[in-house]
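Please read the structure below before turning to the comments.
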Amino acid sequence: RKEVEQDPGPFNVPEGATVAFNCTYSNSASQSFFWYRQDCRKEPKLLMSVYSSGNEDGRFTAQLNRASQYISLLIRDSKLSDSATYLCVVASGGSYIPTFGRGTSLIVHP
Amino acid sequence: GAVVSQHPSWVICKSGTSVKIECRSLDFQATTMFWYRQFPKQSLMLMATSNEGSKATYEQGVEKDKFLINHASLTLSTLTVTSAHPEDSSFYICSARRAGGNTDTQYFGPGTRLTVL
């Protein structure tokens, strides 16, 4: 089983739709969780950290479920500019070695 | 915000040559820098973790004699691909870890696209 797994998609949604991605992780000792966004042929950019209590940033909501070992990202009112690959990152221990998921591709169409 | 630069942004070289890629944190000191490689439509693969002043820790399957990492200061790490071959063609991305605050976050450089002919 891979350490961090994501559905590669693509998720093809119309503008204005709500879309959710999940990411599962295998290491129960994982301590830090992040969502990154990567545009085609560009470097990943931090979208948001994921906190135990869940957190929201505008149209984006991240949740952590430690019992089931997954994190989620919810995007409301999708925009065309949200089209990208969303990478789940999980890190463990004090040395913080990050592990990336393969990414989930989102395509928002008019 | 935290800015990480990489140089060069792209390079084309002949098989057998060595290529050096620089990664700099411009407005913060990076306790740790990471080097990744990404093939088309693949996930980022961590190659090595580099702490300033110490030897890099390489991931399994990554040849340390082929991918030389030097982390001379808290703002600069270099990756040298020695005797590059076409199979080394990839997108190489560095990131710098900015410690402190509630969480440790890493910031990515813009990447270097290497093409070996």
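Ordering of the structure tokens sets the chain letters (A, B, ...), residue numbers begin anew at 1 in every chain, and ligands are numbered from 1 in the order given.
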
With a cut-off of 7 Å, could you pull out the residues of chain B touching chain A and give me the nearest pair of atoms for each, distance in Å to one decimal, using only C-alpha atoms, ordered by chain and ascending number, as JSON lines?
```
{"residue": "B:Gln42", "atom": "CA", "partner": "A:Arg102", "partner_atom": "CA", "distance": 6.4}
{"residue": "B:Ser43", "atom": "CA", "partner": "A:Arg102", "partner_atom": "CA", "distance": 4.2}
{"residue": "B:Leu44", "atom": "CA", "partner": "A:Phe100", "partner_atom": "CA", "distance": 6.4}
{"residue": "B:Phe108", "atom": "CA", "partner": "A:Glu43", "partner_atom": "CA", "distance": 6.4}
{"residue": "B:Gly109", "atom": "CA", "partner": "A:Glu43", "partner_atom": "CA", "distance": 6.7}
{"residue": "B:Pro110", "atom": "CA", "partner": "A:Glu43", "partner_atom": "CA", "distance": 5.1}
{"residue": "B:Gly111", "atom": "CA", "partner": "A:Glu43", "partner_atom": "CA", "distance": 6.0}
```

Residues of segment 40-59 of chain B that approach segment 16-31 of chain B to 12 Å or less, counting only C-alpha atoms: could you list each one with the shortest pair of atoms and its distance in Å to one decimal, rows by chain and increasing residue number, as a Markdown table?
```
| residue | atom | partner | partner_atom | distance |
| --- | --- | --- | --- | --- |
| B:Thr49 | CA | B:Thr31 | CA | 10.6 |
| B:Ser50 | CA | B:Thr31 | CA | 8.7 |
| B:Asn51 | CA | B:Thr31 | CA | 6.3 |
| B:Glu52 | CA | B:Thr31 | CA | 6.7 |
| B:Gly53 | CA | B:Thr31 | CA | 10.2 |
| B:Ser54 | CA | B:Thr31 | CA | 11.2 |
```

With only C-alpha atoms as the basis for distance, which of A:Ala20, A:Ser105, A:Ser72, A:Arg59 is at the shortest distance from Val89 of chain A?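 Distance minimum relative to Val89 of chain A lands on A:Ser72.
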
May I have all residues of segment 27-66 of chain A that DSSP, computed from the backbone, assigns to strand (DSSP E or B), given as a list in words?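 Those residues are Ser30, Gln31, Ser32, Phe33, Phe34, Trp35, Tyr36, Arg37, Gln38, Lys45, Leu46, Leu47, Met48, Ser49, Asn55, Glu56, Asp57, Phe60, Thr61, Ala62, Gln63, Leu64 and Asn65 of chain A.
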
Applying 8 Å and only C-alpha atoms, which residues near Tyr86 of chain A remain after dropping the ones on its own chain fewer than 5 positions away? List them as a list in words. Trp35, Tyr36, Arg37, Gln38, Gly103, Thr104, Ser105 and Leu106 of chain A

Select, from A:Glu5, A:Ser83, A:Ala67, A:Leu74, the residue with the minimum atom-to-atom distance to Phe21 of chain A, counting only C-alpha atoms. A:Leu74

Which residues are close to Tyr92 of chain B, i.e. within 9 Å by only C-alpha atoms, leaving aside same-chain residues fewer than 5 positions away? Reply as a PyMOL selection string. chain B and resi 21+35-39+111-114

Take the residues just selected and output them with N, CA and C atoms as a PDB file, in the first residue's frame.
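Writing the result to result.pdb gives the following:
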```pdb
ATOM      1  N   ILE B  21      22.526  22.622 -10.322  1.00  0.00           N
ATOM      2  CA  ILE B  21      21.296  23.387 -10.087  1.00  0.00           C
ATOM      3  C   ILE B  21      21.399  24.028  -8.712  1.00  0.00           C
ATOM      4  N   TRP B  35      15.229  18.031  -2.180  1.00  0.00           N
ATOM      5  CA  TRP B  35      15.310  17.953  -3.641  1.00  0.00           C
ATOM      6  C   TRP B  35      14.347  16.877  -4.125  1.00  0.00           C
ATOM      7  N   TYR B  36      13.551  17.257  -5.145  1.00  0.00           N
ATOM      8  CA  TYR B  36      12.572  16.358  -5.721  1.00  0.00           C
ATOM      9  C   TYR B  36      12.816  16.230  -7.220  1.00  0.00           C
ATOM     10  N   ARG B  37      12.254  15.159  -7.740  1.00  0.00           N
ATOM     11  CA  ARG B  37      12.262  14.965  -9.189  1.00  0.00           C
ATOM     12  C   ARG B  37      10.840  14.609  -9.576  1.00  0.00           C
ATOM     13  N   GLN B  38      10.391  15.110 -10.696  1.00  0.00           N
ATOM     14  CA  GLN B  38       9.045  14.816 -11.149  1.00  0.00           C
ATOM     15  C   GLN B  38       9.059  14.514 -12.633  1.00  0.00           C
ATOM     16  N   PHE B  39       8.637  13.288 -12.972  1.00  0.00           N
ATOM     17  CA  PHE B  39       8.486  12.919 -14.374  1.00  0.00           C
ATOM     18  C   PHE B  39       7.067  13.287 -14.809  1.00  0.00           C
ATOM     19  N   GLY B 111      11.534  25.291 -10.017  1.00  0.00           N
ATOM     20  CA  GLY B 111      11.882  24.081 -10.749  1.00  0.00           C
ATOM     21  C   GLY B 111      12.901  24.313 -11.849  1.00  0.00           C
ATOM     22  N   THR B 112      13.602  23.256 -12.181  1.00  0.00           N
ATOM     23  CA  THR B 112      14.565  23.274 -13.287  1.00  0.00           C
ATOM     24  C   THR B 112      14.231  22.119 -14.201  1.00  0.00           C
ATOM     25  N   ARG B 113      13.989  22.457 -15.448  1.00  0.00           N
ATOM     26  CA  ARG B 113      13.653  21.398 -16.415  1.00  0.00           C
ATOM     27  C   ARG B 113      14.932  20.985 -17.130  1.00  0.00           C
ATOM     28  N   LEU B 114      15.353  19.766 -16.901  1.00  0.00           N
ATOM     29  CA  LEU B 114      16.598  19.242 -17.483  1.00  0.00           C
ATOM     30  C   LEU B 114      16.273  18.315 -18.641  1.00  0.00           C
TER      31      LEU B 114
END
```
